[in-house]
Structures are given as structure tokens and as C-alpha cells.
file coords.pdb (PDB, C-alpha atoms, pLDDT in the B column)
ATOM      1  CA  MET A   1      49.991 -40.146-139.072  1.00 54.00           C
ATOM      2  CA  ALA A   2      50.068 -42.140-135.805  1.00 62.00           C
ATOM      3  CA  ASP A   3      48.903 -45.724-135.895  1.00 69.00           C
ATOM      4  CA  LYS A   4      45.838 -46.439-133.849  1.00 72.00           C
ATOM      5  CA  LYS A   5      46.421 -49.056-131.157  1.00 64.00           C
ATOM      6  CA  THR A   6      44.032 -51.969-131.126  1.00 67.00           C
ATOM      7  CA  LEU A   7      43.432 -54.680-128.591  1.00 59.00           C
ATOM      8  CA  LYS A   8      44.215 -58.146-129.884  1.00 66.00           C
ATOM      9  CA  LEU A   9      43.052 -61.273-128.087  1.00 63.00           C
ATOM     10  CA  ARG A  10      44.909 -64.498-128.610  1.00 66.00           C
ATOM     11  CA  SER A  11      42.897 -67.615-129.274  1.00 68.00           C
ATOM     12  CA  PRO A  12      42.463 -69.942-126.263  1.00 62.00           C
ATOM     13  CA  SER A  13      44.569 -72.610-128.008  1.00 64.00           C
ATOM     14  CA  GLU A  14      47.590 -70.258-127.983  1.00 64.00           C
ATOM     15  CA  ILE A  15      47.340 -69.691-124.242  1.00 62.00           C
ATOM     16  CA  ASP A  16      49.026 -72.404-122.191  1.00 61.00           C
ATOM     17  CA  ALA A  17      49.266 -71.073-118.672  1.00 61.00           C
ATOM     18  CA  PRO A  18      46.663 -69.092-116.769  1.00 57.00           C
ATOM     19  CA  PRO A  19      47.534 -65.514-115.948  1.00 56.00           C
ATOM     20  CA  ALA A  20      49.153 -65.209-112.548  1.00 58.00           C
ATOM     21  CA  LEU A  21      46.890 -63.854-109.851  1.00 53.00           C
ATOM     22  CA  GLN A  22      48.563 -61.914-107.078  1.00 57.00           C
ATOM     23  CA  LYS A  23      46.711 -61.221-103.863  1.00 55.00           C
ATOM     24  CA  LYS A  24      47.403 -57.642-102.922  1.00 51.00           C
ATOM     25  CA  GLY A  25      45.335 -54.916-101.342  1.00 44.00           C
ATOM     26  CA  ARG A  26      41.595 -54.727-101.877  1.00 50.00           C
ATOM     27  CA  GLY A  27      41.615 -57.032-104.863  1.00 47.00           C
ATOM     28  CA  TRP A  28      44.138 -59.208-106.610  1.00 62.00           C
ATOM     29  CA  LYS A  29      46.297 -56.440-108.007  1.00 72.00           C
ATOM     30  CA  ILE A  30      43.232 -55.008-109.713  1.00 77.00           C
ATOM     31  CA  SER A  31      42.609 -51.281-109.918  1.00 80.00           C
ATOM     32  CA  ASP A  32      39.884 -49.887-107.688  1.00 80.00           C
ATOM     33  CA  LYS A  33      37.978 -48.703-110.753  1.00 87.00           C
ATOM     34  CA  ARG A  34      38.011 -52.198-112.299  1.00 85.00           C
ATOM     35  CA  LEU A  35      37.045 -53.820-108.988  1.00 85.00           C
ATOM     36  CA  ASP A  36      34.141 -51.389-108.546  1.00 89.00           C
ATOM     37  CA  ALA A  37      32.979 -52.239-112.075  1.00 91.00           C
ATOM     38  CA  LEU A  38      33.137 -55.972-111.250  1.00 91.00           C
ATOM     39  CA  HIS A  39      31.055 -55.468-108.105  1.00 92.00           C
ATOM     40  CA  GLU A  40      28.511 -53.409-110.041  1.00 94.00           C
ATOM     41  CA  ARG A  41      28.308 -56.134-112.716  1.00 94.00           C
ATOM     42  CA  ALA A  42      27.811 -58.795-110.006  1.00 94.00           C
ATOM     43  CA  ARG A  43      25.024 -56.684-108.498  1.00 95.00           C
ATOM     44  CA  GLU A  44      23.320 -56.487-111.904  1.00 95.00           C
ATOM     45  CA  LEU A  45      23.667 -60.253-112.353  1.00 93.00           C
ATOM     46  CA  ARG A  46      22.034 -60.827-108.946  1.00 93.00           C
ATOM     47  CA  ARG A  47      19.142 -58.579-109.959  1.00 95.00           C
ATOM     48  CA  HIS A  48      18.658 -60.279-113.335  1.00 95.00           C
ATOM     49  CA  SER A  49      19.525 -63.929-112.678  1.00 93.00           C
ATOM     50  CA  SER A  50      18.703 -66.790-115.022  1.00 93.00           C
ATOM     51  CA  GLU A  51      15.997 -69.303-114.117  1.00 95.00           C
ATOM     52  CA  ALA A  52      18.615 -71.968-113.393  1.00 94.00           C
ATOM     53  CA  HIS A  53      20.492 -69.607-111.100  1.00 95.00           C
ATOM     54  CA  LYS A  54      17.320 -68.651-109.225  1.00 95.00           C
ATOM     55  CA  ALA A  55      16.335 -72.306-108.784  1.00 95.00           C
ATOM     56  CA  LEU A  56      19.738 -73.301-107.390  1.00 95.00           C
ATOM     57  CA  ALA A  57      19.887 -70.222-105.133  1.00 94.00           C
ATOM     58  CA  GLU A  58      16.474 -71.108-103.730  1.00 94.00           C
ATOM     59  CA  ARG A  59      17.624 -74.658-102.927  1.00 93.00           C
ATOM     60  CA  PHE A  60      20.820 -73.356-101.297  1.00 92.00           C
ATOM     61  CA  ALA A  61      18.735 -70.993 -99.150  1.00 91.00           C
ATOM     62  CA  LYS A  62      16.597 -73.901 -97.901  1.00 90.00           C
ATOM     63  CA  ALA A  63      19.478 -76.365 -97.472  1.00 87.00           C
ATOM     64  CA  ASP A  64      21.289 -76.912 -94.195  1.00 86.00           C
ATOM     65  CA  LEU A  65      24.940 -76.854 -95.238  1.00 85.00           C
ATOM     66  CA  GLY A  66      26.324 -76.446 -91.737  1.00 85.00           C
ATOM     67  CA  ARG A  67      29.024 -73.819 -91.544  1.00 89.00           C
ATOM     68  CA  TYR A  68      29.286 -73.585 -95.329  1.00 92.00           C
ATOM     69  CA  LYS A  69      27.414 -70.923 -97.258  1.00 92.00           C
ATOM     70  CA  PHE A  70      27.316 -70.155-100.971  1.00 94.00           C
ATOM     71  CA  THR A  71      27.308 -66.502-102.029  1.00 93.00           C
ATOM     72  CA  ARG A  72      25.494 -65.597-105.251  1.00 94.00           C
ATOM     73  CA  HIS A  73      27.398 -63.911-108.092  1.00 94.00           C
ATOM     74  CA  ALA A  74      30.520 -63.374-106.042  1.00 93.00           C
ATOM     75  CA  VAL A  75      33.576 -61.453-107.200  1.00 91.00           C
ATOM     76  CA  VAL A  76      36.669 -63.635-106.814  1.00 88.00           C
ATOM     77  CA  GLY A  77      39.798 -61.922-108.062  1.00 84.00           C
ATOM     78  CA  SER A  78      38.941 -60.589-111.498  1.00 84.00           C
ATOM     79  CA  ALA A  79      36.190 -63.157-112.078  1.00 88.00           C
ATOM     80  CA  ILE A  80      32.519 -63.281-111.175  1.00 91.00           C
ATOM     81  CA  VAL A  81      31.394 -66.794-110.256  1.00 93.00           C
ATOM     82  CA  ASP A  82      27.755 -67.838-109.974  1.00 94.00           C
ATOM     83  CA  PHE A  83      28.177 -69.264-106.457  1.00 96.00           C
ATOM     84  CA  ASN A  84      31.182 -69.149-104.141  1.00 95.00           C
ATOM     85  CA  CYS A  85      31.859 -70.882-100.830  1.00 94.00           C
ATOM     86  CA  HIS A  86      34.770 -68.994 -99.310  1.00 92.00           C
ATOM     87  CA  ASN A  87      35.314 -71.471 -96.436  1.00 91.00           C
ATOM     88  CA  LEU A  88      35.703 -74.375 -98.853  1.00 92.00           C
ATOM     89  CA  GLY A  89      37.530 -72.526-101.593  1.00 92.00           C
ATOM     90  CA  MET A  90      34.918 -73.816-104.017  1.00 95.00           C
ATOM     91  CA  ALA A  91      33.048 -72.038-106.783  1.00 95.00           C
ATOM     92  CA  ILE A  92      30.103 -73.189-108.874  1.00 95.00           C
ATOM     93  CA  ALA A  93      29.707 -71.910-112.412  1.00 94.00           C
ATOM     94  CA  ILE A  94      26.493 -72.415-114.347  1.00 93.00           C
ATOM     95  CA  ASP A  95      27.156 -73.037-118.027  1.00 85.00           C
ATOM     96  CA  GLU A  96      24.616 -71.377-120.261  1.00 66.00           C
ATOM     97  CA  ASP A  97      26.751 -71.938-123.352  1.00 66.00           C
ATOM     98  CA  ASP A  98      30.296 -72.985-124.203  1.00 67.00           C
ATOM     99  CA  ASP A  99      32.509 -70.026-123.298  1.00 74.00           C
ATOM    100  CA  PRO A 100      36.158 -70.384-124.396  1.00 75.00           C
ATOM    101  CA  LEU A 101      37.315 -67.897-121.752  1.00 81.00           C
ATOM    102  CA  ALA A 102      35.689 -69.946-118.982  1.00 84.00           C
ATOM    103  CA  LYS A 103      38.434 -72.570-119.062  1.00 84.00           C
ATOM    104  CA  ARG A 104      41.092 -69.893-118.746  1.00 84.00           C
ATOM    105  CA  ARG A 105      39.225 -68.279-115.851  1.00 86.00           C
ATOM    106  CA  ASP A 106      38.914 -71.693-114.155  1.00 87.00           C
ATOM    107  CA  LYS A 107      42.666 -72.248-114.478  1.00 87.00           C
ATOM    108  CA  SER A 108      43.320 -68.858-112.889  1.00 86.00           C
ATOM    109  CA  LEU A 109      41.036 -69.625-109.964  1.00 89.00           C
ATOM    110  CA  GLU A 110      42.455 -73.113-109.488  1.00 89.00           C
ATOM    111  CA  SER A 111      45.989 -71.705-109.467  1.00 85.00           C
ATOM    112  CA  VAL A 112      45.104 -69.884-106.225  1.00 84.00           C
ATOM    113  CA  GLY A 113      43.344 -72.862-104.661  1.00 88.00           C
ATOM    114  CA  ILE A 114      39.718 -72.347-105.670  1.00 91.00           C
ATOM    115  CA  ARG A 115      38.099 -75.448-107.134  1.00 93.00           C
ATOM    116  CA  VAL A 116      35.541 -74.665-109.846  1.00 93.00           C
ATOM    117  CA  MET A 117      32.594 -76.978-110.484  1.00 94.00           C
ATOM    118  CA  ARG A 118      30.749 -76.462-113.776  1.00 93.00           C
ATOM    119  CA  ILE A 119      27.079 -77.376-114.010  1.00 95.00           C
ATOM    120  CA  LYS A 120      24.861 -77.060-117.063  1.00 94.00           C
ATOM    121  CA  ALA A 121      21.794 -74.839-116.689  1.00 93.00           C
ATOM    122  CA  ALA A 122      19.594 -77.475-118.321  1.00 93.00           C
ATOM    123  CA  ASP A 123      20.661 -80.049-115.707  1.00 94.00           C
ATOM    124  CA  ILE A 124      19.640 -77.694-112.897  1.00 95.00           C
ATOM    125  CA  LEU A 125      16.203 -77.121-114.374  1.00 94.00           C
ATOM    126  CA  GLU A 126      15.585 -80.754-115.348  1.00 96.00           C
ATOM    127  CA  ASN A 127      17.197 -82.776-112.569  1.00 94.00           C
ATOM    128  CA  MET A 128      17.853 -80.716-109.448  1.00 94.00           C
ATOM    129  CA  ASP A 129      18.313 -83.730-107.144  1.00 93.00           C
ATOM    130  CA  ASP A 130      21.218 -85.103-109.202  1.00 95.00           C
ATOM    131  CA  VAL A 131      22.806 -81.655-109.336  1.00 95.00           C
ATOM    132  CA  LEU A 132      22.562 -81.287-105.552  1.00 94.00           C
ATOM    133  CA  ALA A 133      24.083 -84.759-105.125  1.00 95.00           C
ATOM    134  CA  ARG A 134      27.010 -83.729-107.370  1.00 96.00           C
ATOM    135  CA  ILE A 135      27.509 -80.505-105.421  1.00 95.00           C
ATOM    136  CA  THR A 136      27.384 -82.374-102.096  1.00 93.00           C
ATOM    137  CA  ALA A 137      29.926 -84.907-103.374  1.00 95.00           C
ATOM    138  CA  GLY A 138      32.145 -82.040-104.544  1.00 95.00           C
ATOM    139  CA  MET A 139      31.866 -80.386-101.140  1.00 94.00           C
ATOM    140  CA  ARG A 140      32.812 -83.622 -99.360  1.00 94.00           C
ATOM    141  CA  LEU A 141      35.804 -84.061-101.647  1.00 95.00           C
ATOM    142  CA  ARG A 142      36.898 -80.479-101.029  1.00 94.00           C
ATOM    143  CA  ILE A 143      36.534 -80.892 -97.246  1.00 93.00           C
ATOM    144  CA  ALA A 144      38.654 -84.061 -97.411  1.00 94.00           C
ATOM    145  CA  ASP A 145      41.295 -82.246 -99.497  1.00 92.00           C
ATOM    146  CA  LYS A 146      41.481 -79.407 -96.973  1.00 90.00           C
ATOM    147  CA  GLN A 147      41.738 -81.837 -94.039  1.00 90.00           C
ATOM    148  CA  GLN A 148      44.529 -83.738 -95.795  1.00 92.00           C
ATOM    149  CA  ALA A 149      46.402 -80.493 -96.486  1.00 88.00           C
ATOM    150  CA  ARG A 150      46.026 -79.474 -92.827  1.00 88.00           C
ATOM    151  CA  ARG A 151      47.365 -82.860 -91.633  1.00 90.00           C
ATOM    152  CA  GLU A 152      50.275 -82.626 -94.063  1.00 90.00           C
ATOM    153  CA  HIS A 153      51.090 -79.123 -92.856  1.00 87.00           C
ATOM    154  CA  HIS A 154      51.088 -80.217 -89.207  1.00 86.00           C
ATOM    155  CA  ARG A 155      53.214 -83.249 -90.035  1.00 88.00           C
ATOM    156  CA  THR A 156      55.885 -81.253 -91.861  1.00 87.00           C
ATOM    157  CA  SER A 157      55.966 -78.107 -89.733  1.00 81.00           C
ATOM    158  CA  THR A 158      57.910 -77.818 -86.508  1.00 69.00           C
ATOM    159  CA  PRO A 159      56.183 -76.915 -83.215  1.00 69.00           C
ATOM    160  CA  ARG A 160      57.782 -73.469 -83.419  1.00 65.00           C
ATOM    161  CA  ASP A 161      56.138 -72.849 -86.835  1.00 56.00           C
ATOM    162  CA  ARG A 162      52.669 -73.597 -85.415  1.00 55.00           C
ATOM    163  CA  ARG A 163      52.585 -70.638 -83.000  1.00 57.00           C
TER     164      ARG A 163
END

call {"tool": "encode", "arguments": {"input": "coords.pdb", "output": "C-alpha cells"}}
result
Amino acid sequence: MADKKTLKLRSPSEIDAPPALQKKGRGWKISDKRLDALHERARELRRHSSEAHKALAERFAKADLGRYKFTRHAVVGSAIVDFNCHNLGMAIAIDEDDDPLAKRRDKSLESVGIRVMRIKAADILENMDDVLARITAGMRLRIADKQQARREHHRTSTPRDRR
């Protein structure tokens, strides 16, 4: 009789490196069926958001963040992040509980240049002003990082490369 194949997940302690993400096509080398499922899941999450998520989304809607905008429950690669600012390459994840796969997902996103900021749901509900100050500080740091990378690129590239 044929053996039945089963899916086995390794424990997070056995996994050293994040899986490589490759930008290609509509997604990041993700099948269209899987990507459609991710978008449907994100849509469901937007419809049934937690109280912490709703509170932070409401503050983002009222805030003047200049040219930066945070998208709710955005699909980034094969992950769904609570908030994503594409221009900054910054994602915000609200921690409801301690998820062992979250660290692996964060490593994958950071390997392609997306900085992930984790915020506890209780902190959002109890002390919104401190949370917004942390997010603003994270945004400033990310802007400074991007400016430094741009200066470094211009310093090392030749005028011909800049065309």
C-alpha cells in the first residue's frame, strides 16, 4: 500500500535563515491561486478587524503623514501585514499573541528591505499617544535610512549609471 504523504513543519529553532523571496510577476513567485487566496484573506481581515486595529486605523486616517500612507491589511509577498507604507518600505504588525512564525515572516520581509515594527494590541488600546510617538520615530528613522542609502548610491555610482 502507498504511504500517505504528510506535511511536516520544522520548529522555529531549527530554521536559521528566512526563506528567499524572489520578486517575479504578479507576486513574489507565488501562484495566482495562492495570491488570490491571500487577497481574499486580507479582505476578510479588513472586514473583521480587531479593536486595536480599528483604533490605529482611525488615527492614521486623521493624521497628516505627508506623502506617506499606511494601507490596512496589505499583502506583501506571501505575508499579510496589519499596516504597510509602501513608500517607506515599512510595515506595522499588531501582536495579539506570541506567534512563532511571525519572527520568520519578519526576517523574510526584512531580507527584501521592508522594516517591520511590532506593536502590542494592549499598548494601542491603553496608550495610543506613546504608540504614535514610536511609529513616528520609526518613520523618521526609516526616512533617514533611505536618504543615507540614496546618498551612498549617488556617491558610488558613476554619472553614466545615473541616467

call {"tool": "resolve_selection", "arguments": {"input": "coords.pdb", "expression": "the PyMOL selection byres ((chain A and resi 70) around 7)", "output": "ChimeraX atom specification"}}
result
/A:68-69,71-72,83-85

call {"tool": "atom_distance", "arguments": {"input": "coords.pdb", "atom1": "atom CA of A:Ala74", "atom2": "atom CA of A:Gly89"}}
result
12.4 Å

call {"tool": "atom_distance", "arguments": {"input": "coords.pdb", "atom1": "atom CA of A:Arg104", "atom2": "atom CA of A:His86"}}
result
20.5 Å

call {"tool": "residues_around", "arguments": {"input": "coords.pdb", "residues": "A:Ile114", "least_positions_apart": "5", "cutoff": "7 Å", "atoms": "all atoms listed in the file", "output": "PyMOL selection string"}}
result
chain A and resi 89-91+109

call {"tool": "resolve_selection", "arguments": {"input": "coords.pdb", "expression": "the PyMOL selection byres ((chain A and resi 46-57) around 9)", "output": "list in words"}}
result
Arg41, Ala42, Arg43, Glu44, Leu45, Glu58, Arg59, Phe60, Ala61, Lys62, Phe70, Thr71, Arg72, His73, Asp82, Phe83, Ile94, Lys120, Ala121, Ala122, Asp123, Ile124, Leu125, Met128 and Leu132 of chain A

call {"tool": "residues_near_point", "arguments": {"input": "coords.pdb", "point": "(31.6, -72.2, -110.8)", "cutoff": "6 Å", "atoms": "all atoms listed in the file", "output": "list in words"}}
result
Val81, Asp82, Ala91, Ile92, Ala93, Val116, Met117 and Arg118 of chain A

call {"tool": "atom_distance", "arguments": {"input": "coords.pdb", "atom1": "atom CA of A:Arg150", "atom2": "atom CA of A:Leu88"}}
result
13.0 Å

call {"tool": "closest_residue", "arguments": {"input": "coords.pdb", "among": "A:Arg34, A:Lys103, A:His153, A:Arg115", "to": "A:Ser78", "atoms": "all atoms listed in the file"}}
result
A:Arg34

call {"tool": "axis_aligned_box", "arguments": {"input": "coords.pdb", "around": "stretch 94-109 of chain A", "padding_each_side": "6 Å", "output": "AutoDock Vina command-line options"}}
result
--center_x 34.0 --center_y -70.5 --center_z -117.2 --size_x 30.7 --size_y 17.1 --size_z 26.4

call {"tool": "resolve_selection", "arguments": {"input": "coords.pdb", "expression": "the PyMOL selection byres ((chain A and resi 35) around 12)", "output": "list of chain:residue names"}}
result
A:Gly25, A:Arg26, A:Gly27, A:Trp28, A:Lys29, A:Ile30, A:Ser31, A:Asp32, A:Lys33, A:Arg34, A:Asp36, A:Ala37, A:Leu38, A:His39, A:Glu40, A:Arg41, A:Ala42, A:Ala74, A:Val75, A:Val76, A:Gly77, A:Ser78, A:Ala79, A:Ile80

call {"tool": "write_last_selection", "arguments": {"input": "coords.pdb", "atoms": "C-alpha atoms", "output": "PDB file, keeping the file's coordinate frame"}}
result
ATOM      1  CA  GLY A  25      45.335 -54.916-101.342  1.00 44.00           C
ATOM      2  CA  ARG A  26      41.595 -54.727-101.877  1.00 50.00           C
ATOM      3  CA  GLY A  27      41.615 -57.032-104.863  1.00 47.00           C
ATOM      4  CA  TRP A  28      44.138 -59.208-106.610  1.00 62.00           C
ATOM      5  CA  LYS A  29      46.297 -56.440-108.007  1.00 72.00           C
ATOM      6  CA  ILE A  30      43.232 -55.008-109.713  1.00 77.00           C
ATOM      7  CA  SER A  31      42.609 -51.281-109.918  1.00 80.00           C
ATOM      8  CA  ASP A  32      39.884 -49.887-107.688  1.00 80.00           C
ATOM      9  CA  LYS A  33      37.978 -48.703-110.753  1.00 87.00           C
ATOM     10  CA  ARG A  34      38.011 -52.198-112.299  1.00 85.00           C
ATOM     11  CA  ASP A  36      34.141 -51.389-108.546  1.00 89.00           C
ATOM     12  CA  ALA A  37      32.979 -52.239-112.075  1.00 91.00           C
ATOM     13  CA  LEU A  38      33.137 -55.972-111.250  1.00 91.00           C
ATOM     14  CA  HIS A  39      31.055 -55.468-108.105  1.00 92.00           C
ATOM     15  CA  GLU A  40      28.511 -53.409-110.041  1.00 94.00           C
ATOM     16  CA  ARG A  41      28.308 -56.134-112.716  1.00 94.00           C
ATOM     17  CA  ALA A  42      27.811 -58.795-110.006  1.00 94.00           C
ATOM     18  CA  ALA A  74      30.520 -63.374-106.042  1.00 93.00           C
ATOM     19  CA  VAL A  75      33.576 -61.453-107.200  1.00 91.00           C
ATOM     20  CA  VAL A  76      36.669 -63.635-106.814  1.00 88.00           C
ATOM     21  CA  GLY A  77      39.798 -61.922-108.062  1.00 84.00           C
ATOM     22  CA  SER A  78      38.941 -60.589-111.498  1.00 84.00           C
ATOM     23  CA  ALA A  79      36.190 -63.157-112.078  1.00 88.00           C
ATOM     24  CA  ILE A  80      32.519 -63.281-111.175  1.00 91.00           C
TER      25      ILE A  80
END

call {"tool": "decode", "arguments": {"input": "coords.pdb", "residues": "stretch 34-45 of chain A", "atoms": "N, CA and C atoms", "output": "compact mmCIF listing (two decimals), in the first residue's frame"}}
result
# COMPACT_ATOMS: atom_id res chain seq x y z
N ARG A 34 -2.74 31.08 -5.01
CA ARG A 34 -2.31 31.42 -3.64
C ARG A 34 -2.43 32.92 -3.39
N LEU A 35 -2.03 33.73 -4.38
CA LEU A 35 -2.10 35.17 -4.23
C LEU A 35 -3.55 35.65 -4.12
N ASP A 36 -4.44 35.05 -4.90
CA ASP A 36 -5.87 35.38 -4.80
C ASP A 36 -6.40 35.03 -3.41
N ALA A 37 -5.97 33.89 -2.87
CA ALA A 37 -6.39 33.49 -1.53
C ALA A 37 -5.88 34.47 -0.48
N LEU A 38 -4.64 34.95 -0.65
CA LEU A 38 -4.09 35.94 0.29
C LEU A 38 -4.90 37.24 0.25
N HIS A 39 -5.24 37.69 -0.95
CA HIS A 39 -6.02 38.92 -1.08
C HIS A 39 -7.42 38.75 -0.48
N GLU A 40 -8.01 37.59 -0.66
CA GLU A 40 -9.32 37.32 -0.07
C GLU A 40 -9.23 37.31 1.45
N ARG A 41 -8.18 36.70 1.98
CA ARG A 41 -7.97 36.68 3.44
C ARG A 41 -7.77 38.09 3.98
N ALA A 42 -7.00 38.92 3.27
CA ALA A 42 -6.79 40.31 3.69
C ALA A 42 -8.11 41.08 3.69
N ARG A 43 -8.94 40.82 2.69
CA ARG A 43 -10.25 41.47 2.61
C ARG A 43 -11.10 41.08 3.83
N GLU A 44 -11.08 39.81 4.19
CA GLU A 44 -11.82 39.34 5.37
C GLU A 44 -11.28 39.99 6.64
N LEU A 45 -9.96 40.11 6.75
CA LEU A 45 -9.37 40.75 7.92
C LEU A 45 -9.78 42.22 8.01
